[in-house]
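This is coords-v2.txt (compact mmCIF, C-alpha atoms and all ligand atoms).
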```
# COMPACT_ATOMS: atom_id res chain seq x y z
CA MET A 26 -95.72 18.54 -81.82
CA SER A 27 -97.78 17.53 -78.79
CA THR A 28 -101.49 17.32 -78.15
CA ILE A 29 -102.28 19.60 -75.22
CA LEU A 30 -105.50 20.08 -73.26
CA ILE A 31 -105.95 23.26 -71.25
CA LEU A 32 -108.53 23.02 -68.48
CA GLY A 33 -110.04 26.48 -67.93
CA GLY A 34 -110.53 29.31 -70.43
CA GLY A 35 -109.77 32.30 -68.19
CA VAL A 36 -107.12 34.91 -68.99
CA VAL A 37 -104.10 32.74 -68.16
CA GLY A 38 -105.53 29.56 -69.68
CA LEU A 39 -106.31 31.26 -72.99
CA SER A 40 -102.98 33.09 -73.18
CA THR A 41 -101.08 29.88 -72.43
CA ALA A 42 -103.09 28.11 -75.12
CA MET A 43 -102.26 30.73 -77.76
CA MET A 44 -98.53 30.65 -76.99
CA LEU A 45 -98.40 26.86 -77.17
CA ALA A 46 -100.41 26.80 -80.40
CA ARG A 47 -97.93 29.26 -81.88
CA ASP A 48 -95.11 26.95 -80.84
CA GLY A 49 -96.72 24.37 -83.12
CA HIS A 50 -98.70 22.27 -80.65
CA SER A 51 -102.23 21.07 -81.13
CA VAL A 52 -104.10 22.78 -78.30
CA THR A 53 -107.72 22.58 -77.14
CA VAL A 54 -109.28 24.54 -74.26
CA PHE A 55 -112.11 23.13 -72.14
CA GLU A 56 -114.06 25.82 -70.30
CA HIS A 57 -116.75 25.00 -67.76
CA ASP A 58 -118.89 28.13 -68.37
CA SER A 59 -121.13 27.58 -71.36
CA GLU A 60 -121.96 31.11 -72.53
CA ALA A 61 -120.47 32.05 -75.89
CA LEU A 62 -118.12 35.02 -76.28
CA PRO A 63 -120.35 38.12 -76.50
CA GLY A 64 -120.39 40.41 -79.53
CA SER A 65 -118.83 43.47 -77.88
CA PRO A 66 -116.94 44.58 -74.76
CA GLU A 67 -120.06 46.35 -73.42
CA GLU A 68 -122.10 43.17 -73.80
CA ALA A 69 -119.30 41.30 -71.97
CA TRP A 70 -119.56 43.81 -69.11
CA GLU A 71 -123.36 43.84 -69.00
CA SER A 72 -124.29 40.24 -69.42
CA TRP A 73 -121.52 37.69 -70.07
CA GLY A 74 -122.23 34.81 -67.67
CA ARG A 75 -118.82 33.94 -66.19
CA ARG A 76 -119.82 32.23 -62.97
CA GLY A 77 -116.56 30.26 -63.02
CA VAL A 78 -114.61 33.47 -62.29
CA ALA A 79 -115.97 35.00 -59.07
CA GLN A 80 -113.92 38.17 -59.60
CA PHE A 81 -115.12 38.72 -63.18
CA ARG A 82 -116.77 42.06 -62.32
CA GLN A 83 -114.23 43.09 -59.69
CA PRO A 84 -111.60 45.76 -60.46
CA HIS A 85 -108.51 44.62 -62.36
CA PHE A 86 -105.31 46.33 -63.44
CA LEU A 87 -102.68 44.97 -65.81
CA HIS A 88 -99.18 45.83 -64.62
CA PRO A 89 -96.53 46.86 -67.20
CA PRO A 90 -94.83 43.41 -67.38
CA VAL A 91 -98.04 42.04 -68.93
CA SER A 92 -97.90 44.74 -71.58
CA CYS A 93 -94.25 43.85 -72.34
CA LEU A 94 -95.16 40.18 -72.57
CA LEU A 95 -97.95 40.96 -75.02
CA ASP A 96 -95.49 42.94 -77.18
CA SER A 97 -93.07 40.03 -77.31
CA HIS A 98 -95.42 37.02 -77.42
CA LEU A 99 -98.97 38.07 -78.27
CA PRO A 100 -98.95 41.37 -80.20
CA ASP A 101 -102.35 40.58 -81.76
CA VAL A 102 -103.86 40.37 -78.26
CA LYS A 103 -102.46 43.82 -77.53
CA GLU A 104 -104.10 45.10 -80.71
CA ALA A 105 -107.37 43.44 -79.69
CA LEU A 106 -107.18 45.13 -76.28
CA GLN A 107 -106.68 48.47 -78.03
CA ARG A 108 -109.60 47.81 -80.40
CA ALA A 109 -111.75 46.89 -77.40
CA GLY A 110 -111.06 50.31 -75.88
CA CYS A 111 -108.39 49.44 -73.28
CA ILE A 112 -106.25 52.41 -72.37
CA THR A 113 -102.52 53.04 -72.20
CA PHE A 114 -101.59 53.99 -68.66
CA ASP A 115 -98.28 55.37 -67.40
CA ARG A 116 -97.38 54.02 -63.94
CA LEU A 117 -94.97 56.94 -63.55
CA ALA A 118 -97.97 59.31 -63.58
CA THR A 119 -98.81 58.16 -60.06
CA MET A 120 -95.37 58.92 -58.58
CA PRO A 121 -95.66 60.86 -55.29
CA ALA A 122 -95.49 64.66 -55.52
CA SER A 123 -92.23 64.50 -53.52
CA VAL A 124 -90.53 63.17 -56.67
CA THR A 125 -89.88 66.50 -58.31
CA ASP A 126 -87.58 65.45 -61.16
CA ARG A 127 -90.03 63.97 -63.63
CA THR A 128 -87.81 64.21 -66.69
CA ARG A 129 -88.39 61.14 -68.82
CA ARG A 130 -85.42 58.78 -69.11
CA GLU A 131 -84.43 56.18 -71.61
CA GLY A 132 -86.26 52.94 -70.90
CA ASP A 133 -89.18 54.62 -69.11
CA GLU A 134 -91.53 53.12 -71.67
CA ARG A 135 -91.32 49.90 -69.65
CA PHE A 136 -93.64 51.57 -67.13
CA LEU A 137 -96.39 51.97 -69.71
CA THR A 138 -99.18 49.47 -69.57
CA ILE A 139 -102.49 48.69 -71.22
CA THR A 140 -105.47 48.07 -69.00
CA GLY A 141 -109.27 48.03 -68.74
CA ARG A 142 -112.14 46.31 -67.00
CA ARG A 143 -111.64 42.57 -66.48
CA SER A 144 -114.60 41.81 -68.76
CA THR A 145 -113.02 43.85 -71.57
CA ILE A 146 -109.59 42.27 -71.07
CA GLU A 147 -111.02 38.77 -71.18
CA TYR A 148 -113.27 39.64 -74.14
CA ALA A 149 -110.21 40.82 -76.13
CA ILE A 150 -108.04 37.81 -75.20
CA ALA A 151 -110.85 35.35 -75.97
CA SER A 152 -111.67 36.98 -79.30
CA VAL A 153 -108.11 36.32 -80.53
CA ALA A 154 -107.90 32.86 -78.92
CA GLU A 155 -111.11 31.67 -80.55
CA GLU A 156 -109.71 32.52 -83.98
CA LEU A 157 -106.62 30.39 -83.30
CA ILE A 158 -107.69 27.36 -81.29
CA PRO A 159 -110.77 25.36 -80.35
CA VAL A 160 -112.24 26.79 -77.12
CA ARG A 161 -114.95 24.37 -76.02
CA ARG A 162 -117.26 26.29 -73.72
CA GLY A 163 -119.65 24.32 -71.53
CA VAL A 164 -117.22 21.38 -71.14
CA SER A 165 -116.48 20.66 -67.50
CA VAL A 166 -113.69 18.33 -66.51
CA MET A 167 -114.15 16.14 -63.43
CA GLY A 168 -111.05 13.96 -63.17
CA LEU A 169 -107.83 12.57 -64.60
CA LEU A 170 -106.99 9.45 -66.64
CA THR A 171 -103.72 7.62 -66.19
CA GLY A 172 -101.51 5.38 -68.31
CA LYS A 173 -98.18 3.62 -68.02
CA SER A 174 -95.89 5.42 -65.56
CA THR A 175 -92.79 7.07 -66.94
CA ALA A 176 -91.08 7.14 -63.53
CA ALA A 177 -91.36 4.41 -60.89
CA GLY A 178 -94.15 5.03 -58.39
CA ILE A 179 -95.32 8.27 -60.00
CA PRO A 180 -98.72 8.29 -61.74
CA HIS A 181 -98.65 9.51 -65.34
CA VAL A 182 -101.65 11.54 -66.50
CA THR A 183 -102.76 10.76 -70.04
CA GLY A 184 -106.10 12.53 -70.28
CA VAL A 185 -109.24 13.78 -68.58
CA ARG A 186 -112.81 12.69 -67.97
CA THR A 187 -115.54 15.26 -68.55
CA THR A 188 -118.79 15.53 -66.58
CA ASP A 189 -120.72 14.16 -69.55
CA GLY A 190 -118.65 10.97 -69.35
CA LYS A 191 -116.24 11.53 -72.26
CA GLU A 192 -112.59 10.50 -71.97
CA ILE A 193 -110.11 12.65 -73.87
CA LEU A 194 -106.45 11.74 -74.22
CA ALA A 195 -103.54 14.18 -74.60
CA ASP A 196 -99.76 14.32 -74.26
CA LEU A 197 -99.98 17.10 -71.70
CA ILE A 198 -102.77 18.43 -69.47
CA ILE A 199 -102.57 22.00 -68.20
CA ASP A 200 -104.64 22.95 -65.18
CA ALA A 201 -105.72 26.60 -65.56
CA MET A 202 -108.87 26.20 -63.48
CA GLY A 203 -108.21 29.22 -61.29
CA ARG A 204 -108.58 29.70 -57.55
CA ARG A 205 -111.19 26.98 -57.26
CA SER A 206 -109.14 24.31 -59.04
CA ASN A 207 -109.75 20.92 -57.49
CA LEU A 208 -106.48 19.45 -58.80
CA PRO A 209 -105.07 18.25 -55.43
CA ASN A 210 -108.16 16.04 -54.92
CA TRP A 211 -107.98 14.77 -58.48
CA LEU A 212 -104.32 13.87 -57.96
CA GLU A 213 -105.17 12.05 -54.77
CA ALA A 214 -107.85 10.10 -56.66
CA ILE A 215 -105.17 8.72 -59.03
CA ARG A 216 -102.99 7.80 -56.00
CA ALA A 217 -100.55 10.63 -56.48
CA ARG A 218 -99.20 12.41 -53.43
CA ARG A 219 -101.02 15.67 -52.71
CA PRO A 220 -99.08 18.82 -53.64
CA ILE A 221 -97.66 20.87 -50.80
CA GLU A 222 -100.06 23.71 -50.22
CA GLU A 223 -99.59 26.89 -48.22
CA ALA A 224 -102.80 28.90 -47.95
CA GLU A 225 -104.22 31.70 -45.86
CA ASP A 226 -107.27 33.93 -46.19
CA SER A 227 -105.97 37.40 -47.04
CA GLY A 228 -108.52 38.73 -44.55
CA PHE A 229 -109.87 41.53 -46.72
CA ILE A 230 -113.25 42.61 -47.98
CA TYR A 231 -113.49 44.67 -51.15
CA TYR A 232 -116.30 47.25 -51.53
CA THR A 233 -116.15 48.50 -55.11
CA ARG A 234 -118.15 50.84 -57.25
CA PHE A 235 -117.54 51.45 -60.95
CA PHE A 236 -118.09 54.88 -62.52
CA ARG A 237 -118.19 56.29 -66.03
CA SER A 238 -117.51 59.88 -67.09
CA ALA A 239 -119.69 61.74 -69.56
CA THR A 240 -116.62 63.04 -71.41
CA GLY A 241 -114.51 59.86 -71.46
CA ALA A 242 -111.87 61.57 -69.24
CA MET A 243 -110.75 59.93 -66.01
CA PRO A 244 -110.17 61.70 -62.66
CA ALA A 245 -106.55 62.73 -62.08
CA TYR A 246 -104.34 60.70 -59.75
CA ARG A 247 -103.41 62.60 -56.58
CA THR A 248 -101.99 59.46 -54.92
CA GLU A 249 -100.82 55.99 -55.91
CA LEU A 250 -103.28 53.38 -57.22
CA LEU A 251 -103.38 51.90 -53.71
CA THR A 252 -103.41 54.19 -50.66
CA TYR A 253 -103.27 52.92 -47.11
CA PHE A 254 -105.14 54.61 -44.26
CA HIS A 255 -105.28 53.53 -40.65
CA SER A 256 -108.13 51.01 -40.89
CA PHE A 257 -108.87 50.80 -44.62
CA SER A 258 -107.23 51.26 -48.01
CA PHE A 259 -108.35 52.85 -51.25
CA LEU A 260 -107.78 51.33 -54.65
CA THR A 261 -108.53 53.54 -57.66
CA LEU A 262 -108.14 51.75 -60.98
CA PRO A 263 -108.50 53.08 -64.52
CA GLY A 264 -110.83 51.22 -66.87
CA ASP A 265 -111.70 51.28 -70.55
CA ALA A 266 -114.44 53.35 -72.24
CA GLY A 267 -114.26 56.20 -69.72
CA THR A 268 -114.80 53.91 -66.72
CA TRP A 269 -112.92 53.51 -63.46
CA ALA A 270 -113.28 51.59 -60.21
CA VAL A 271 -113.06 52.88 -56.65
CA THR A 272 -112.55 50.21 -54.00
CA VAL A 273 -112.50 50.50 -50.25
CA VAL A 274 -110.58 47.55 -48.81
CA ILE A 275 -111.28 46.70 -45.16
CA SER A 276 -110.31 43.95 -42.75
CA SER A 277 -112.93 41.20 -42.69
CA SER A 278 -112.82 41.32 -38.87
CA ASP A 279 -113.82 45.00 -38.78
CA GLN A 280 -117.57 44.71 -38.12
CA ALA A 281 -118.20 48.47 -37.98
CA LEU A 282 -116.78 49.09 -41.46
CA LYS A 283 -119.01 46.43 -43.01
CA LYS A 284 -121.65 49.20 -43.14
CA LEU A 285 -119.76 50.32 -46.26
CA ARG A 286 -121.86 47.78 -48.18
CA ASP A 287 -124.52 50.52 -48.07
CA PRO A 288 -123.88 52.92 -51.01
CA LYS A 289 -124.71 55.98 -48.87
CA GLN A 290 -122.15 55.08 -46.20
CA TRP A 291 -119.62 54.15 -48.89
CA GLU A 292 -120.05 57.49 -50.66
CA THR A 293 -119.82 59.43 -47.38
CA LEU A 294 -116.47 57.80 -46.63
CA VAL A 295 -114.99 58.46 -50.09
CA ALA A 296 -116.31 62.06 -50.12
CA ALA A 297 -114.59 62.69 -46.76
CA CYS A 298 -111.12 61.88 -48.14
CA PRO A 299 -109.59 64.92 -49.85
CA LEU A 300 -107.24 62.98 -52.13
CA HIS A 301 -109.99 60.65 -53.31
CA ALA A 302 -113.32 62.54 -53.21
CA HIS A 303 -113.02 63.60 -56.86
CA TRP A 304 -113.17 59.93 -57.91
CA LEU A 305 -116.92 60.21 -57.23
CA ASP A 306 -117.29 62.72 -60.11
CA GLY A 307 -118.91 60.35 -62.59
CA GLU A 308 -122.03 58.33 -63.12
CA PRO A 309 -122.07 55.19 -60.95
CA ILE A 310 -122.57 52.19 -63.25
CA THR A 311 -122.75 49.57 -60.50
CA ASP A 312 -124.00 49.25 -56.97
CA VAL A 313 -121.36 48.67 -54.26
CA LEU A 314 -119.97 45.24 -55.17
CA SER A 315 -118.46 43.26 -52.34
CA MET A 316 -115.97 40.41 -52.38
CA ALA A 317 -114.49 38.51 -49.45
CA GLY A 318 -112.75 35.20 -48.83
CA THR A 319 -109.84 35.76 -51.19
CA ILE A 320 -107.05 33.41 -50.26
CA ASP A 321 -103.31 33.67 -50.71
CA ARG A 322 -102.20 30.24 -51.86
CA TYR A 323 -99.15 28.53 -53.27
CA ARG A 324 -99.00 24.91 -54.43
CA ARG A 325 -95.82 22.95 -54.92
CA PHE A 326 -96.13 19.84 -57.04
CA VAL A 327 -92.57 18.62 -56.57
CA ARG A 328 -92.04 16.85 -53.26
CA GLY A 329 -88.68 15.49 -52.16
CA GLY A 330 -87.23 16.26 -55.59
CA ALA A 331 -89.84 14.24 -57.51
CA PRO A 332 -93.06 15.39 -59.18
CA VAL A 333 -96.29 14.17 -57.61
CA ALA A 334 -97.44 13.18 -61.13
CA THR A 335 -96.20 13.50 -64.69
CA GLY A 336 -98.20 14.59 -67.73
CA ILE A 337 -99.85 17.50 -65.95
CA ILE A 338 -98.83 21.02 -64.95
CA SER A 339 -100.61 23.86 -63.23
CA VAL A 340 -100.57 27.56 -64.20
CA GLY A 341 -102.15 30.84 -63.13
CA ASP A 342 -104.27 31.07 -60.01
CA SER A 343 -104.46 27.33 -59.66
CA TRP A 344 -100.69 27.30 -59.10
CA ALA A 345 -100.50 30.47 -56.97
CA CYS A 346 -102.78 33.35 -56.08
CA THR A 347 -102.05 36.31 -53.85
CA ASN A 348 -103.62 39.31 -52.17
CA PRO A 349 -105.62 40.87 -55.03
CA SER A 350 -105.29 44.47 -53.85
CA LEU A 351 -101.76 44.46 -55.32
CA GLY A 352 -103.15 43.29 -58.67
CA ARG A 353 -100.40 40.74 -59.36
CA GLY A 354 -102.45 37.70 -60.43
CA ILE A 355 -102.33 38.04 -64.19
CA THR A 356 -98.74 39.32 -64.12
CA MET A 357 -97.64 36.28 -62.11
CA GLY A 358 -99.59 33.94 -64.37
CA ALA A 359 -98.09 35.58 -67.44
CA ASP A 360 -94.59 35.44 -66.01
CA ALA A 361 -94.88 31.74 -65.16
CA ARG A 362 -96.14 31.02 -68.68
CA THR A 363 -92.89 32.29 -70.12
CA ARG A 364 -90.83 30.23 -67.69
CA HIS A 365 -91.92 26.76 -68.67
CA GLY A 366 -89.12 24.34 -68.08
CA ARG A 367 -87.60 26.42 -65.30
CA GLY A 368 -89.52 24.55 -62.64
CA ARG A 369 -91.94 27.27 -61.60
CA THR A 370 -94.90 25.38 -62.90
CA THR A 371 -95.63 22.00 -61.55
CA THR A 372 -94.99 18.51 -62.79
CA SER A 373 -93.07 17.53 -65.85
CA GLY A 374 -94.90 16.48 -68.99
C1 LIG B 401 -111.05 40.68 -56.17
C2 LIG B 401 -109.92 40.34 -57.12
C3 LIG B 401 -109.25 41.35 -57.78
C4 LIG B 401 -108.19 41.04 -58.64
N1 LIG B 401 -107.51 42.06 -59.24
C5 LIG B 401 -106.49 41.78 -60.06
C6 LIG B 401 -105.77 42.81 -60.73
O1 LIG B 401 -106.04 44.00 -60.53
N2 LIG B 401 -104.76 42.47 -61.56
C7 LIG B 401 -104.42 41.15 -61.76
O2 LIG B 401 -103.48 40.89 -62.53
N3 LIG B 401 -105.07 40.16 -61.14
C8 LIG B 401 -106.09 40.45 -60.32
N4 LIG B 401 -106.75 39.42 -59.71
C9 LIG B 401 -106.33 38.04 -59.98
C10 LIG B 401 -106.84 37.57 -61.36
O3 LIG B 401 -108.25 37.67 -61.40
C11 LIG B 401 -106.39 36.14 -61.58
O4 LIG B 401 -104.99 36.08 -61.37
C12 LIG B 401 -106.71 35.59 -62.94
O5 LIG B 401 -108.09 35.55 -63.19
C13 LIG B 401 -106.13 34.18 -63.08
O6 LIG B 401 -106.45 33.65 -64.33
P1 LIG B 401 -106.61 32.08 -64.53
O7 LIG B 401 -106.83 31.89 -65.98
O8 LIG B 401 -105.52 31.37 -63.82
O9 LIG B 401 -107.95 31.70 -63.71
P2 LIG B 401 -109.44 32.22 -63.91
O10 LIG B 401 -109.47 33.51 -64.60
O11 LIG B 401 -110.07 32.11 -62.56
O12 LIG B 401 -110.09 31.14 -64.87
C14 LIG B 401 -110.29 29.81 -64.48
C15 LIG B 401 -111.27 29.19 -65.48
O13 LIG B 401 -111.36 27.78 -65.26
C16 LIG B 401 -112.70 27.38 -65.46
N5 LIG B 401 -112.89 26.08 -64.77
C17 LIG B 401 -112.90 25.87 -63.44
N6 LIG B 401 -113.10 24.55 -63.19
C18 LIG B 401 -113.20 23.93 -64.39
C19 LIG B 401 -113.41 22.58 -64.80
N7 LIG B 401 -113.57 21.59 -63.91
N8 LIG B 401 -113.46 22.30 -66.13
C20 LIG B 401 -113.31 23.28 -67.07
N9 LIG B 401 -113.12 24.59 -66.72
C21 LIG B 401 -113.05 24.91 -65.41
C22 LIG B 401 -113.51 28.53 -64.85
O14 LIG B 401 -114.84 28.55 -65.33
C23 LIG B 401 -112.69 29.74 -65.32
O15 LIG B 401 -113.14 30.23 -66.55
C24 LIG B 401 -107.80 39.70 -58.83
C25 LIG B 401 -108.46 38.68 -58.15
C26 LIG B 401 -109.50 38.99 -57.28
C27 LIG B 401 -110.17 37.87 -56.52
```
Could I get this structure in the form of structure tokens?
Amino acid sequence: MSTILILGGGVVGLSTAMMLARDGHSVTVFEHDSEALPGSPEEAWESWGRRGVAQFRQPHFLHPPVSCLLDSHLPDVKEALQRAGCITFDRLATMPASVTDRTRREGDERFLTITGRRSTIEYAIASVAEELIPVRRGVSVMGLLTGKSTAAGIPHVTGVRTTDGKEILADLIIDAMGRRSNLPNWLEAIRARRPIEEAEDSGFIYYTRFFRSATGAMPAYRTELLTYFHSFSFLTLPGDAGTWAVTVVISSSDQALKKLRDPKQWETLVAACPLHAHWLDGEPITDVLSMAGTIDRYRRFVRGGAPVATGIISVGDSWACTNPSLGRGITMGADARTRHGRGRTTTSG
């Protein structure tokens, strides 16, 4: 059994923590944001202060592999998602009309998923995690501690230093600090080589509005979740509790389309698109929310066949994050979690 510290209590950090705890390790999560888990999914949506996750109130979709992973590794999280009102969604329901043979086949259940608003998903995951492991909210980590190297010339991480000056030791540190993880600088500060980093701004702006129906029913899909037009794309994502999100994705260099920040202009555009206009048939529950500056990034912590440091690994968005309009972040994070030891995460412990 090892003592493991997880830095960051987002969706991937908490899920990783639960899996490791179930493998018999002693796991603690340190989360920078101090607000306690709210009492209900609606409270999480309305008022949970999650400044550490810029996309907390942006649209999210869980792809079917996440649902399969929950079945095999975290069935109680799946139950918590169901209790919180997340919905079962069939990806095959959005097949193009040109696919005329819609007879169900053996194995098609792998296209079923469970999904909801990001706040509801995180509320459900955190409510199970907090029953299982210590999740210390309001603890911010600012750097790494080192001990005797286990391989010549390679720093060995033995713990972390928090912003209130505490030093906490562990056998393994897991960086789950998301897109804004400062790990490369922390590694440099302990004289490790910097990881190799490939990064590029995805060049998109999201303009999203969430809606809720009076009846709890969602608009029907007449296209895929993501539809490309000449100069913009539409993303229509199902949510929990009769909610859904409609997003117009534009290029950040398209000055004219930035007028879509104005709800009137945004609504005029959606209403003008025959396959999407009916997604406006609900009560808007947000203004038009914008998000820009989302990078695609991949970090490699093994250089020239050797890890840049031992005793620390990186998971989730800190390790790799991609264009969010394809909604792959949590699926990739989940996939990497189940591949520990196959070299997809970073340095060896
Ligand atoms: C606009 C947008 C839309 C997206 N849509 C989808 C989607 O539809 N489907 C999907 O699967 N993914 C989507 N993603 C990606 C998804 O949000 C991420 O993949 C996911 O949040 C990654 O989880 P994580 O736990 O790695 O990081 P995060 O969820 O970002 O959590 C990181 C945590 O670390 C904490 N932290 C940071 N620094 C410190 C510190 N020094 N000490 C302690 N704690 C710290 C933060 O407070 C935060 O809670 C989207 C992303 C964006 C930007």
Problem - Residue among A:Asn207, A:Thr248, A:Ser278, A:Thr171 lying closest to ligand LIG 401 (chain B), counting all atoms listed in the file - result: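 Result for the nearest residue to ligand LIG 401 (chain B): A:Asn207.
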Exercise for the section: Enter the distance from CA of Gln83 (chain A) to CA of Met44 (chain A), in Å, rounded to one decimal. Expected result: 26.5 Å
Practice task
State, in Å with one decimal place, the distance from atom C2 of ligand LIG 401 (chain B) to CA of Val313 (chain A).
Solution key: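 Distance reported for this atom pair: 14.4 Å.
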Problem - Selected residue of minimal separation from ligand LIG 401 (chain B) among A:Pro89, A:Pro63, A:Pro180, A:Gly341, counting only C-alpha atoms and all ligand atoms - result: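 Looking at the shortest contact to ligand LIG 401 (chain B), the residue is A:Gly341.
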Practice task
Could I get the residue neighbourhood of ligand LIG 401 (chain B) at 7 Å, counting only C-alpha atoms and all ligand atoms, as JSON, numbers by chain?
Solution key: {"A": [32, 33, 34, 35, 36, 37, 38, 55, 56, 57, 58, 75, 76, 77, 78, 79, 80, 83, 84, 85, 86, 87, 88, 164, 165, 166, 167, 201, 202, 203, 204, 205, 206, 231, 316, 319, 340, 341, 342, 343, 346, 349, 350, 351, 352, 353, 354, 355, 356, 358]}
Write out, as a PDB file, in the frame of the given file, the residues just selected, with C-alpha atoms.
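File out05.pdb, as written:
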```pdb
ATOM      1  CA  LEU A  32    -108.530  23.020 -68.480  1.00  0.00           C
ATOM      2  CA  GLY A  33    -110.040  26.480 -67.930  1.00  0.00           C
ATOM      3  CA  GLY A  34    -110.530  29.310 -70.430  1.00  0.00           C
ATOM      4  CA  GLY A  35    -109.770  32.300 -68.190  1.00  0.00           C
ATOM      5  CA  VAL A  36    -107.120  34.910 -68.990  1.00  0.00           C
ATOM      6  CA  VAL A  37    -104.100  32.740 -68.160  1.00  0.00           C
ATOM      7  CA  GLY A  38    -105.530  29.560 -69.680  1.00  0.00           C
ATOM      8  CA  PHE A  55    -112.110  23.130 -72.140  1.00  0.00           C
ATOM      9  CA  GLU A  56    -114.060  25.820 -70.300  1.00  0.00           C
ATOM     10  CA  HIS A  57    -116.750  25.000 -67.760  1.00  0.00           C
ATOM     11  CA  ASP A  58    -118.890  28.130 -68.370  1.00  0.00           C
ATOM     12  CA  ARG A  75    -118.820  33.940 -66.190  1.00  0.00           C
ATOM     13  CA  ARG A  76    -119.820  32.230 -62.970  1.00  0.00           C
ATOM     14  CA  GLY A  77    -116.560  30.260 -63.020  1.00  0.00           C
ATOM     15  CA  VAL A  78    -114.610  33.470 -62.290  1.00  0.00           C
ATOM     16  CA  ALA A  79    -115.970  35.000 -59.070  1.00  0.00           C
ATOM     17  CA  GLN A  80    -113.920  38.170 -59.600  1.00  0.00           C
ATOM     18  CA  GLN A  83    -114.230  43.090 -59.690  1.00  0.00           C
ATOM     19  CA  PRO A  84    -111.600  45.760 -60.460  1.00  0.00           C
ATOM     20  CA  HIS A  85    -108.510  44.620 -62.360  1.00  0.00           C
ATOM     21  CA  PHE A  86    -105.310  46.330 -63.440  1.00  0.00           C
ATOM     22  CA  LEU A  87    -102.680  44.970 -65.810  1.00  0.00           C
ATOM     23  CA  HIS A  88     -99.180  45.830 -64.620  1.00  0.00           C
ATOM     24  CA  VAL A 164    -117.220  21.380 -71.140  1.00  0.00           C
ATOM     25  CA  SER A 165    -116.480  20.660 -67.500  1.00  0.00           C
ATOM     26  CA  VAL A 166    -113.690  18.330 -66.510  1.00  0.00           C
ATOM     27  CA  MET A 167    -114.150  16.140 -63.430  1.00  0.00           C
ATOM     28  CA  ALA A 201    -105.720  26.600 -65.560  1.00  0.00           C
ATOM     29  CA  MET A 202    -108.870  26.200 -63.480  1.00  0.00           C
ATOM     30  CA  GLY A 203    -108.210  29.220 -61.290  1.00  0.00           C
ATOM     31  CA  ARG A 204    -108.580  29.700 -57.550  1.00  0.00           C
ATOM     32  CA  ARG A 205    -111.190  26.980 -57.260  1.00  0.00           C
ATOM     33  CA  SER A 206    -109.140  24.310 -59.040  1.00  0.00           C
ATOM     34  CA  TYR A 231    -113.490  44.670 -51.150  1.00  0.00           C
ATOM     35  CA  MET A 316    -115.970  40.410 -52.380  1.00  0.00           C
ATOM     36  CA  THR A 319    -109.840  35.760 -51.190  1.00  0.00           C
ATOM     37  CA  VAL A 340    -100.570  27.560 -64.200  1.00  0.00           C
ATOM     38  CA  GLY A 341    -102.150  30.840 -63.130  1.00  0.00           C
ATOM     39  CA  ASP A 342    -104.270  31.070 -60.010  1.00  0.00           C
ATOM     40  CA  SER A 343    -104.460  27.330 -59.660  1.00  0.00           C
ATOM     41  CA  CYS A 346    -102.780  33.350 -56.080  1.00  0.00           C
ATOM     42  CA  PRO A 349    -105.620  40.870 -55.030  1.00  0.00           C
ATOM     43  CA  SER A 350    -105.290  44.470 -53.850  1.00  0.00           C
ATOM     44  CA  LEU A 351    -101.760  44.460 -55.320  1.00  0.00           C
ATOM     45  CA  GLY A 352    -103.150  43.290 -58.670  1.00  0.00           C
ATOM     46  CA  ARG A 353    -100.400  40.740 -59.360  1.00  0.00           C
ATOM     47  CA  GLY A 354    -102.450  37.700 -60.430  1.00  0.00           C
ATOM     48  CA  ILE A 355    -102.330  38.040 -64.190  1.00  0.00           C
ATOM     49  CA  THR A 356     -98.740  39.320 -64.120  1.00  0.00           C
ATOM     50  CA  GLY A 358     -99.590  33.940 -64.370  1.00  0.00           C
TER      51      GLY A 358
END
```
Set the distance at 6 Å and use all atoms listed in the file: which residues neighbour region 260-276 of chain A once local chain neighbours fewer than 6 positions away are removed? I'd like the list as a compact mmCIF listing (two decimals) with C-alpha atoms, keeping the file's coordinate frame.
```txt
# COMPACT_ATOMS: atom_id res chain seq x y z
CA GLY A 110 -111.06 50.31 -75.88
CA CYS A 111 -108.39 49.44 -73.28
CA ILE A 112 -106.25 52.41 -72.37
CA GLY A 141 -109.27 48.03 -68.74
CA ARG A 142 -112.14 46.31 -67.00
CA GLY A 228 -108.52 38.73 -44.55
CA PHE A 229 -109.87 41.53 -46.72
CA ILE A 230 -113.25 42.61 -47.98
CA TYR A 231 -113.49 44.67 -51.15
CA TYR A 232 -116.30 47.25 -51.53
CA THR A 233 -116.15 48.50 -55.11
CA ARG A 234 -118.15 50.84 -57.25
CA PHE A 235 -117.54 51.45 -60.95
CA PHE A 236 -118.09 54.88 -62.52
CA ARG A 237 -118.19 56.29 -66.03
CA SER A 238 -117.51 59.88 -67.09
CA GLY A 241 -114.51 59.86 -71.46
CA ALA A 242 -111.87 61.57 -69.24
CA LEU A 250 -103.28 53.38 -57.22
CA LEU A 251 -103.38 51.90 -53.71
```
Practice task
Take CA of Ala359 (chain A) and CA of Val185 (chain A) and report the distance between them in Å, one decimal.
Solution key: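 A separation of 24.5 Å between them.
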Exercise for the section: Have a look at A:Asp306, A:Glu134, A:Glu60, A:Asp200 and name the one nearest to Arg161 (chain A); count all atoms listed in the file. Expected result: A:Glu60
Practice task
Check the smallest atom-to-atom distance from each of A:Ala214, A:Pro288, A:Leu39, A:Pro220 to Arg328 (chain A) using all atoms listed in the file, then report the winner.
Solution key: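 Nearest candidate to Arg328 (chain A) out of A:Ala214, A:Pro288, A:Leu39, A:Pro220: A:Pro220.
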Please, what is the axis-aligned box for every listed atom of region 138-145 of chain A with 3 Å on each side, as centre and edge lengths in Å to one decimal, as AutoDock Vina command-line options?
```
--center_x -106.9 --center_y 45.6 --center_z -69.0 --size_x 21.4 --size_y 13.7 --size_z 11.1
```
